[in-house]
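Okay, entry19.txt now, which holds compact mmCIF, C-alpha atoms:
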# COMPACT_ATOMS: atom_id res chain seq x y z
CA MET A 1 -55.21 125.77 11.62
CA SER A 2 -58.36 127.89 11.23
CA TRP A 3 -62.00 126.90 11.46
CA LEU A 4 -65.45 128.36 12.09
CA GLU A 5 -67.09 127.55 15.45
CA ASP A 6 -70.24 129.12 16.91
CA GLY A 7 -70.16 131.77 14.21
CA ALA A 8 -66.62 132.89 15.07
CA GLN A 9 -63.30 132.26 13.36
CA ARG A 10 -60.95 130.22 15.54
CA SER A 11 -57.31 129.24 15.07
CA ALA A 12 -54.71 127.07 16.80
CA LEU A 13 -51.36 125.43 16.18
CA TRP A 14 -51.49 121.96 14.57
CA ARG A 15 -49.35 119.35 16.32
CA SER A 16 -48.32 116.07 14.70
CA GLU A 17 -45.06 114.41 15.66
CA SER A 18 -45.95 111.66 13.17
CA GLY A 19 -45.89 114.14 10.32
CA TRP A 20 -49.58 113.96 9.37
CA PRO A 21 -50.78 117.04 7.47
CA ALA A 22 -53.24 119.40 9.10
CA PRO A 23 -56.85 118.48 8.25
CA GLU A 24 -58.58 120.81 5.81
CA ARG A 25 -62.08 120.46 7.31
CA ILE A 26 -63.11 120.53 10.97
CA VAL A 27 -66.47 119.47 12.40
CA ILE A 28 -67.27 120.15 16.07
CA ALA A 29 -68.23 116.96 17.91
CA ASP A 30 -69.32 115.75 21.34
CA GLU A 31 -71.28 112.87 22.93
CA ARG A 32 -74.34 113.63 20.82
CA MET A 33 -72.60 112.46 17.64
CA PRO A 34 -73.27 108.76 16.86
CA ALA A 35 -70.29 106.56 16.05
CA ALA A 36 -71.75 105.86 12.60
CA GLU A 37 -71.83 109.58 11.80
CA ALA A 38 -68.31 110.05 13.14
CA HIS A 39 -67.12 107.17 10.96
CA ARG A 40 -68.78 108.68 7.89
CA LEU A 41 -67.18 112.07 8.51
CA VAL A 42 -63.61 110.87 9.08
CA GLY A 43 -64.00 108.54 6.11
CA GLY A 44 -64.70 111.64 4.02
CA GLY A 45 -61.61 113.42 5.36
CA SER A 46 -63.23 115.66 7.98
CA ALA A 47 -61.56 116.04 11.36
CA LEU A 48 -63.70 115.93 14.50
CA LEU A 49 -62.76 118.53 17.10
CA TRP A 50 -64.02 117.14 20.40
CA ARG A 51 -65.73 119.50 22.83
CA GLY A 52 -67.33 116.93 25.14
CA ASP A 53 -66.13 114.66 27.91
CA TYR A 54 -62.56 113.38 27.49
CA GLN A 55 -63.38 109.80 28.47
CA ALA A 56 -66.27 109.81 25.98
CA ALA A 57 -63.77 110.79 23.29
CA ARG A 58 -61.71 107.72 24.16
CA GLN A 59 -64.83 105.57 23.85
CA LEU A 60 -65.54 107.05 20.42
CA LEU A 61 -61.97 106.34 19.33
CA ARG A 62 -62.43 102.68 20.26
CA ALA A 63 -65.77 102.57 18.41
CA LEU A 64 -64.17 104.07 15.30
CA ALA A 65 -61.33 101.54 15.45
CA ALA A 66 -63.84 98.67 15.64
CA ARG A 67 -65.73 99.97 12.59
CA ILE A 68 -62.55 100.46 10.59
CA ASP A 69 -61.22 97.01 11.51
CA LYS A 70 -64.54 95.40 10.60
CA GLY A 71 -64.21 96.80 7.08
CA ASN A 72 -60.66 95.53 6.53
CA ARG A 73 -60.18 92.81 3.95
CA ARG A 74 -58.99 89.36 4.98
CA PRO A 75 -55.29 88.88 4.20
CA PRO A 76 -54.34 86.79 1.15
CA ARG A 77 -52.38 83.59 1.59
CA ASP A 78 -49.34 84.99 -0.19
CA LEU A 79 -47.27 86.56 2.62
CA ALA A 80 -45.71 89.29 0.47
CA LEU A 81 -49.19 90.41 -0.62
CA ALA A 82 -50.46 90.05 2.95
CA PHE A 83 -47.65 92.31 4.17
CA ARG A 84 -48.44 95.02 1.60
CA GLN A 85 -52.16 94.83 2.36
CA HIS A 86 -51.53 94.92 6.11
CA ARG A 87 -49.35 98.04 5.71
CA GLU A 88 -51.97 99.78 3.58
CA GLN A 89 -54.75 98.95 6.03
CA SER A 90 -52.65 100.03 9.01
CA PHE A 91 -51.78 103.33 7.32
CA HIS A 92 -55.43 103.93 6.40
CA ARG A 93 -56.54 103.06 9.95
CA ALA A 94 -53.98 105.41 11.52
CA ARG A 95 -54.97 108.25 9.17
CA LEU A 96 -58.68 107.94 10.00
CA LEU A 97 -58.21 107.53 13.74
CA GLY A 98 -55.89 110.54 13.70
CA LEU A 99 -58.82 112.73 12.67
CA LEU A 100 -60.38 112.73 16.14
CA LEU A 101 -58.83 115.87 17.66
CA VAL A 102 -58.66 117.32 21.16
CA PRO A 103 -57.60 120.86 22.14
CA LEU A 104 -54.51 121.71 24.14
CA ASP A 105 -54.46 125.07 25.89
CA ALA A 106 -51.24 127.01 26.17
CA GLY A 107 -49.24 125.22 28.84
CA TYR A 108 -50.54 121.78 27.74
CA VAL A 109 -53.83 121.65 29.61
CA VAL A 110 -56.66 119.69 27.95
CA PRO A 111 -59.79 121.85 28.49
CA LEU A 112 -62.24 118.95 28.56
CA ARG A 113 -64.23 117.34 31.37
CA ARG A 114 -62.42 114.44 33.10
CA ALA A 115 -59.22 115.09 31.16
CA PRO A 116 -55.97 113.88 32.77
CA ASP A 117 -53.06 116.15 33.61
CA VAL A 118 -50.82 115.79 30.54
CA ARG A 119 -48.46 118.71 31.13
CA GLU A 120 -45.40 116.66 32.04
CA ALA A 121 -45.99 114.12 29.27
CA CYS A 122 -46.44 116.84 26.64
CA THR A 123 -43.38 118.75 27.81
CA GLU A 124 -41.31 115.58 27.37
CA ALA A 125 -42.68 115.05 23.86
CA TYR A 126 -43.01 118.61 22.54
CA GLY A 127 -40.64 120.65 24.67
CA PRO A 128 -41.55 123.61 26.91
CA GLY A 129 -45.00 125.01 26.15
CA ASP A 130 -45.63 128.46 24.72
CA ASP A 131 -48.01 130.34 26.98
CA SER A 132 -49.48 132.19 24.00
CA LEU A 133 -50.29 129.28 21.67
CA ASP A 134 -53.23 126.91 21.94
CA SER A 135 -53.01 123.82 19.77
CA LEU A 136 -54.90 120.85 18.38
CA VAL A 137 -53.62 117.29 18.47
CA SER A 138 -55.11 113.95 17.51
CA LEU A 139 -56.38 112.06 20.52
CA ARG A 140 -54.52 109.00 19.24
CA GLU A 141 -51.22 110.86 19.32
CA LEU A 142 -51.95 112.32 22.73
CA LEU A 143 -52.61 108.82 24.09
CA GLY A 144 -49.24 107.80 22.62
CA VAL A 145 -47.58 110.74 24.37
CA ILE A 146 -49.18 109.71 27.68
CA GLY A 147 -48.17 106.07 27.18
CA SER A 148 -44.61 107.08 26.33
CA HIS A 149 -44.44 109.15 29.51
CA GLU A 150 -45.44 106.09 31.54
CA TRP A 151 -42.78 103.95 29.79
CA ARG A 152 -40.22 106.63 30.58
CA ARG A 153 -41.33 106.96 34.19
CA ARG A 154 -41.46 103.23 34.95
CA GLY A 155 -38.69 102.05 32.61
CA VAL A 156 -38.30 98.78 30.73
CA ASP A 157 -36.75 95.93 32.67
CA VAL A 158 -33.54 94.65 31.05
CA PRO A 159 -32.35 91.45 32.77
CA GLU A 160 -29.02 91.62 30.92
CA LEU A 161 -28.29 94.85 32.80
CA GLU A 162 -30.09 93.91 36.01
CA SER A 163 -31.65 97.33 35.69
CA THR A 164 -34.15 99.34 33.68
CA ILE A 165 -33.90 101.40 30.51
CA HIS A 166 -36.09 104.50 30.24
CA PRO A 167 -37.15 105.22 26.63
CA HIS A 168 -38.01 108.78 25.66
CA TYR A 169 -40.85 109.77 23.37
CA GLY A 170 -40.01 108.94 19.75
CA VAL A 171 -37.18 106.54 20.64
CA PHE A 172 -37.64 102.83 19.95
CA SER A 173 -38.14 100.89 23.18
CA PRO A 174 -36.09 97.68 23.74
CA VAL A 175 -39.11 95.48 24.35
CA ARG A 176 -37.82 92.54 22.27
CA GLY A 177 -35.40 90.96 24.70
CA GLU A 178 -34.11 88.17 22.48
CA TYR A 179 -31.60 90.36 20.64
CA LEU A 180 -30.38 91.84 23.92
CA GLU A 181 -29.59 88.33 25.15
CA LEU A 182 -27.65 87.63 21.95
CA VAL A 183 -25.44 90.70 22.50
CA ALA A 184 -24.98 89.80 26.16
CA THR A 185 -23.84 86.23 25.45
CA ALA A 186 -22.01 86.15 22.08
CA PRO A 187 -18.23 85.70 22.48
CA LEU A 188 -16.34 88.97 22.34
CA PRO A 189 -13.34 89.45 20.04
CA ALA A 190 -10.05 88.72 21.75
CA GLU A 191 -8.79 91.67 23.79
CA ALA A 192 -11.59 93.96 22.65
CA SER A 193 -10.94 97.39 24.17
CA ARG A 194 -13.09 99.67 21.99
CA ALA A 195 -16.61 99.10 20.65
CA VAL A 196 -19.07 101.16 18.64
CA ASP A 197 -22.87 100.83 18.86
CA ILE A 198 -24.42 102.19 15.65
CA GLY A 199 -27.92 103.67 15.91
CA THR A 200 -27.89 103.44 19.69
CA GLY A 201 -31.48 104.61 20.39
CA THR A 202 -31.96 104.19 24.13
CA GLY A 203 -28.29 103.24 24.57
CA VAL A 204 -29.16 99.74 25.75
CA LEU A 205 -26.66 97.84 23.57
CA ALA A 206 -23.86 100.27 24.41
CA ALA A 207 -24.64 99.72 28.10
CA ILE A 208 -24.56 95.93 27.71
CA LEU A 209 -21.18 96.10 25.95
CA ALA A 210 -19.77 98.34 28.69
CA ARG A 211 -21.10 96.02 31.40
CA ARG A 212 -19.37 93.12 29.60
CA GLY A 213 -16.03 94.79 30.27
CA ILE A 214 -15.25 96.75 27.11
CA ARG A 215 -13.35 99.76 28.38
CA SER A 216 -14.40 102.31 25.76
CA VAL A 217 -17.74 102.33 23.91
CA THR A 218 -18.91 104.95 21.43
CA ALA A 219 -22.64 105.11 20.75
CA THR A 220 -23.80 106.89 17.59
CA ASP A 221 -27.16 108.18 16.40
CA LEU A 222 -28.57 110.92 14.19
CA GLY A 223 -31.73 111.69 16.18
CA PRO A 224 -31.58 114.39 18.88
CA ARG A 225 -34.22 112.53 20.91
CA ALA A 226 -32.16 109.31 20.78
CA ILE A 227 -28.94 111.08 21.74
CA ALA A 228 -30.63 112.71 24.75
CA CYS A 229 -32.28 109.41 25.70
CA ALA A 230 -29.05 107.40 25.51
CA ARG A 231 -27.16 109.94 27.58
CA ASP A 232 -29.92 109.94 30.19
CA ASN A 233 -29.91 106.15 30.47
CA LEU A 234 -26.12 105.86 30.59
CA THR A 235 -26.06 108.46 33.35
CA ARG A 236 -28.68 106.48 35.30
CA LEU A 237 -26.56 103.34 34.87
CA GLY A 238 -23.33 105.06 35.96
CA LEU A 239 -21.60 104.38 32.63
CA VAL A 240 -20.88 107.87 31.31
CA ASP A 241 -17.17 107.43 32.02
CA ARG A 242 -17.04 104.43 29.67
CA VAL A 243 -19.63 105.26 26.99
CA GLU A 244 -19.54 108.36 24.79
CA VAL A 245 -22.68 109.28 22.83
CA ILE A 246 -22.09 111.26 19.62
CA GLU A 247 -24.11 112.43 16.64
CA ALA A 248 -22.97 110.49 13.57
CA ASP A 249 -24.41 108.87 10.47
CA LEU A 250 -23.47 105.24 11.19
CA PHE A 251 -19.76 105.00 12.09
CA ALA A 252 -17.73 106.83 14.71
CA PRO A 253 -14.28 108.17 13.79
CA GLY A 254 -11.36 105.78 14.15
CA LEU A 255 -11.06 102.01 14.31
CA ALA A 256 -12.82 99.68 16.74
CA ASP A 257 -12.43 96.06 17.83
CA LEU A 258 -16.19 95.54 17.79
CA ILE A 259 -18.88 97.40 15.85
CA VAL A 260 -22.51 96.49 16.55
CA CYS A 261 -25.51 97.42 14.42
CA ASN A 262 -29.17 96.55 14.88
CA PRO A 263 -30.76 98.14 11.78
CA PRO A 264 -34.51 98.23 11.10
CA TRP A 265 -35.35 94.73 9.93
CA LEU A 266 -37.75 95.32 7.04
CA PRO A 267 -36.63 96.88 3.72
CA ALA A 268 -39.76 98.89 2.97
CA GLU A 269 -40.84 102.47 2.47
CA ALA A 270 -41.06 104.70 5.55
CA ARG A 271 -44.16 106.89 5.27
CA ILE A 272 -44.06 108.68 8.61
CA PRO A 273 -41.11 109.42 10.94
CA SER A 274 -41.92 106.61 13.40
CA ASP A 275 -41.64 104.08 10.54
CA TYR A 276 -37.87 104.42 10.55
CA ALA A 277 -37.67 102.33 13.74
CA VAL A 278 -39.05 99.33 11.81
CA TYR A 279 -38.50 99.99 8.10
CA ASP A 280 -35.17 100.51 6.33
CA PRO A 281 -36.00 101.98 2.89
CA GLU A 282 -33.93 100.22 0.20
CA SER A 283 -31.90 98.67 3.06
CA ARG A 284 -29.99 101.95 3.40
CA MET A 285 -28.76 101.38 6.94
CA LEU A 286 -27.98 97.69 6.36
CA ARG A 287 -26.02 98.48 3.18
CA GLY A 288 -24.25 101.40 4.84
CA PHE A 289 -23.16 99.28 7.78
CA LEU A 290 -21.90 96.34 5.71
CA GLY A 291 -20.32 98.57 3.07
CA GLY A 292 -18.35 100.64 5.58
CA LEU A 293 -17.60 98.02 8.23
CA ARG A 294 -14.30 96.71 6.90
CA ALA A 295 -12.74 100.19 6.78
CA HIS A 296 -13.63 100.85 10.44
CA LEU A 297 -12.53 97.54 11.98
CA ALA A 298 -9.24 97.25 13.85
CA PRO A 299 -7.08 94.21 12.89
CA GLY A 300 -8.84 91.08 14.14
CA GLY A 301 -11.99 93.07 14.88
CA GLU A 302 -15.58 91.95 14.38
CA GLY A 303 -18.83 93.47 13.24
CA TRP A 304 -22.05 92.20 14.80
CA LEU A 305 -25.15 92.45 12.65
CA ILE A 306 -28.35 91.87 14.60
CA ILE A 307 -31.24 91.15 12.27
CA SER A 308 -34.39 89.05 12.01
CA ASP A 309 -35.24 86.85 9.03
CA LEU A 310 -38.80 88.24 8.98
CA ALA A 311 -37.99 90.11 5.75
CA GLU A 312 -37.02 86.79 4.14
CA ARG A 313 -40.20 85.08 5.31
CA LEU A 314 -42.29 87.95 3.91
CA GLY A 315 -40.51 87.82 0.55
CA LEU A 316 -38.97 91.28 0.96
CA ARG A 317 -35.34 90.10 0.86
CA SER A 318 -33.78 86.68 0.27
CA ARG A 319 -31.05 85.05 2.34
CA GLY A 320 -28.96 85.04 -0.82
CA GLU A 321 -29.23 88.82 -1.11
CA LEU A 322 -28.00 89.24 2.46
CA LEU A 323 -25.06 86.87 1.92
CA ASP A 324 -24.17 88.67 -1.32
CA LEU A 325 -24.14 92.01 0.51
CA ILE A 326 -21.77 90.54 3.10
CA GLU A 327 -19.44 89.04 0.49
CA ASP A 328 -19.49 92.12 -1.78
CA SER A 329 -18.45 94.22 1.23
CA GLY A 330 -15.25 92.20 1.67
CA LEU A 331 -16.56 90.43 4.75
CA ARG A 332 -16.95 86.83 5.85
CA VAL A 333 -19.26 85.16 8.33
CA LEU A 334 -17.35 83.98 11.39
CA GLU A 335 -20.36 82.56 13.21
CA ARG A 336 -24.09 83.07 13.57
CA HIS A 337 -26.08 82.91 16.80
CA ASP A 338 -29.83 82.34 16.46
CA THR A 339 -32.78 82.66 18.78
CA ARG A 340 -36.55 82.72 18.48
CA PRO A 341 -38.64 85.71 19.55
CA THR A 342 -40.85 85.38 22.59
CA HIS A 343 -42.86 88.60 22.20
CA ALA A 344 -46.67 88.44 22.18
CA ARG A 345 -47.10 88.94 18.42
CA SER A 346 -45.17 85.76 17.66
CA SER A 347 -48.02 83.73 19.16
CA ASP A 348 -50.96 85.92 18.10
CA ALA A 349 -52.92 83.83 15.59
CA SER A 350 -55.11 86.83 14.72
CA ASP A 351 -52.12 88.73 13.32
CA PRO A 352 -52.36 88.72 9.49
CA LEU A 353 -48.62 87.96 9.37
CA HIS A 354 -48.78 85.25 12.03
CA VAL A 355 -47.36 82.49 9.82
CA ALA A 356 -44.19 84.51 9.26
CA ARG A 357 -43.90 85.79 12.82
CA ALA A 358 -44.36 82.33 14.33
CA ALA A 359 -41.39 81.01 12.32
CA GLU A 360 -39.21 84.12 12.70
CA ILE A 361 -35.59 83.75 13.82
CA THR A 362 -33.45 86.58 15.18
CA SER A 363 -29.73 86.27 14.48
CA LEU A 364 -26.48 87.85 15.53
CA TRP A 365 -24.05 87.55 12.60
CA ARG A 366 -20.39 87.76 13.64
CA LEU A 367 -18.56 89.25 10.68
CA GLY A 368 -14.86 89.76 10.00
CA SER A 369 -12.70 90.97 7.16
CA ALA A 370 -12.40 88.48 4.28
CA ASP A 371 -8.63 89.11 4.07
Just dump the structure as structure tokens.
Amino acid sequence: MSWLEDGAQRSALWRSESGWPAPERIVIADERMPAAEAHRLVGGGSALLWRGDYQAARQLLRALAARIDKGNRRPPRDLALAFRQHREQSFHRARLLGLLLVPLDAGYVVPLRRAPDVREACTEAYGPGDDSLDSLVSLRELLGVIGSHEWRRRGVDVPELESTIHPHYGVFSPVRGEYLELVATAPLPAEASRAVDIGTGTGVLAAILARRGIRSVTATDLGPRAIACARDNLTRLGLVDRVEVIEADLFAPGLADLIVCNPPWLPAEARIPSDYAVYDPESRMLRGFLGGLRAHLAPGGEGWLIISDLAERLGLRSRGELLDLIEDSGLRVLERHDTRPTHARSSDASDPLHVARAAEITSLWRLGSAD
């Protein structure tokens, strides 16, 4: 990126792990800029490069968020429309808040008053720093990087493992415990000796299957961050001799007695890379899993599909469509285990999708060959 500051031409690397394009216009800002002016500028597409106190920048970010939220429309009663409006407003909000920028010196030092030490957090997210390249990053992303570092340092408690899982930056954190409990308690196929965990992420489901006594587990993923994260967690848990982590698009080579898949639950467009943890465009992963499952199951084996009915409650996919996908794939439903989410959003009445979330059910579908 290049911009004019104090009569001189400046340049720096643009960082955006979320895939946002570099802003075309930069305005220098500090504590003297009123929140109303900042809101007007970002609303017009100008980025604000902060040169003041770091904590004051955080205060401005909160003030901008409050102004943006105040201007959001009330959701319609129709849940499908409410979902689309909520996505549009969330995308618009993220884009505007991402225009408040802070500098990063070479070596990941924030050259602002009262700035925290972010070197370790940035190294985890971005890799080793280049001593010759300064950069600019949105404050919102930097706060996410710091928060991710804290999650990784402290870990997420997983009662089913009696231990913690440490998510890496950019890898979906297993904060919704209800589906972990389903995997930990559903009856295993008879004499299951090999299992595959598709889209392993942090490796938490692979670890649960190994702890349940399955001798050989293969965990697959396409993302380098996820593969590194899963291997790190399985090493921490002492399970590397029983769980192999490989790069694969869905299935591992060979047959398995149990194949588990927890795809993104909502069939909707993914606009930025982080969306793929929640949204499955055109149900690609769901269709790929169901369509290929039969060919990868050992005789008498089972496939476990872990999925919420939130898509059905939002009008994005019907139960009939899901059952048709199962039947058309040459599969049959052996049993279904249901549970209700207990996460905070399920009881948040201010959430525009509260009606759907409050009624949501998470299921583990035990599937077998129709033959």
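For the choices A:Asp117, A:Cys229, A:Leu205, A:Ile259, the atom-to-atom distance to Pro167 of chain A is smallest for A:Cys229 when using all atoms listed in the file.
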Compile the contact shell of segment 216-222 of chain A as number ranges by chain: residues with an atom at most 9 Å away, counting all atoms listed in the file, same-chain residues fewer than 6 positions apart removed.
A: 193-201, 203, 205-207, 209-210, 230, 241-252
Kindly give the distance, in Å, that separates atom CA of Ala256 of chain A and atom CA of Ala192 of chain A, rounded to a single decimal.
8.3 Å
If you count only C-alpha atoms, the residue of A:Ile214, A:Ala47, A:Val156, A:Leu97 closest to Asp69 of chain A turns out to be A:Leu97
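In terms of minimum interatomic distance to Arg84 of chain A, A:Gly315 ranks closest within A:Pro299, A:Pro174, A:Gly71, A:Gly315, counting all atoms listed in the file.
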Let me make sure I understand: among A:Val333, A:Leu322, A:Val118, A:Leu136, which one has the smallest atom-to-atom distance to Leu104 of chain A if we use only C-alpha atoms?
A:Leu136
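Considering the residues A:Ala57, A:Ala311, A:Gly303, A:Arg32 and counting only C-alpha atoms, Ala186 of chain A has its shortest atom-to-atom contact with A:Gly303.
Distances here use all atoms listed in the file; by that measure, the residue among A:Ala12, A:Leu41, A:Arg74, A:Thr342 closest to Ser132 of chain A is A:Ala12.
Within 9 Å of the file-frame point (-27.8, 89.6, 19.8), and using all atoms listed in the file, the polymer residues found are Glu178, Tyr179, Leu180, Glu181, Leu182, Val183, Ala184, Thr185, Ala186, Asn262, Trp304, Leu305, Ile306, Ile307, His337, Asp338, Thr339, Thr362, Ser363, Leu364 and Trp365 of chain A.
For the atom pair formed by atom CA of Leu188 of chain A and atom CA of Ser163 of chain A, the distance is 22.0 Å, given to one decimal.
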Please, which residues are within 10 Å of (-49.9, 86.7, 1.6) by the file's coordinates, counting all atoms listed in the file, and could they come as a list in words?
Pro75, Pro76, Arg77, Asp78, Leu79, Ala80, Leu81, Ala82, Phe83, Arg84, Gln85, His86, Leu314, Gly315, Pro352, Leu353, Val355 and Ala356 of chain A
Work out how far apart atom CA of Trp265 of chain A and atom CA of Leu293 of chain A are and give it in Å to one decimal.
18.1 Å
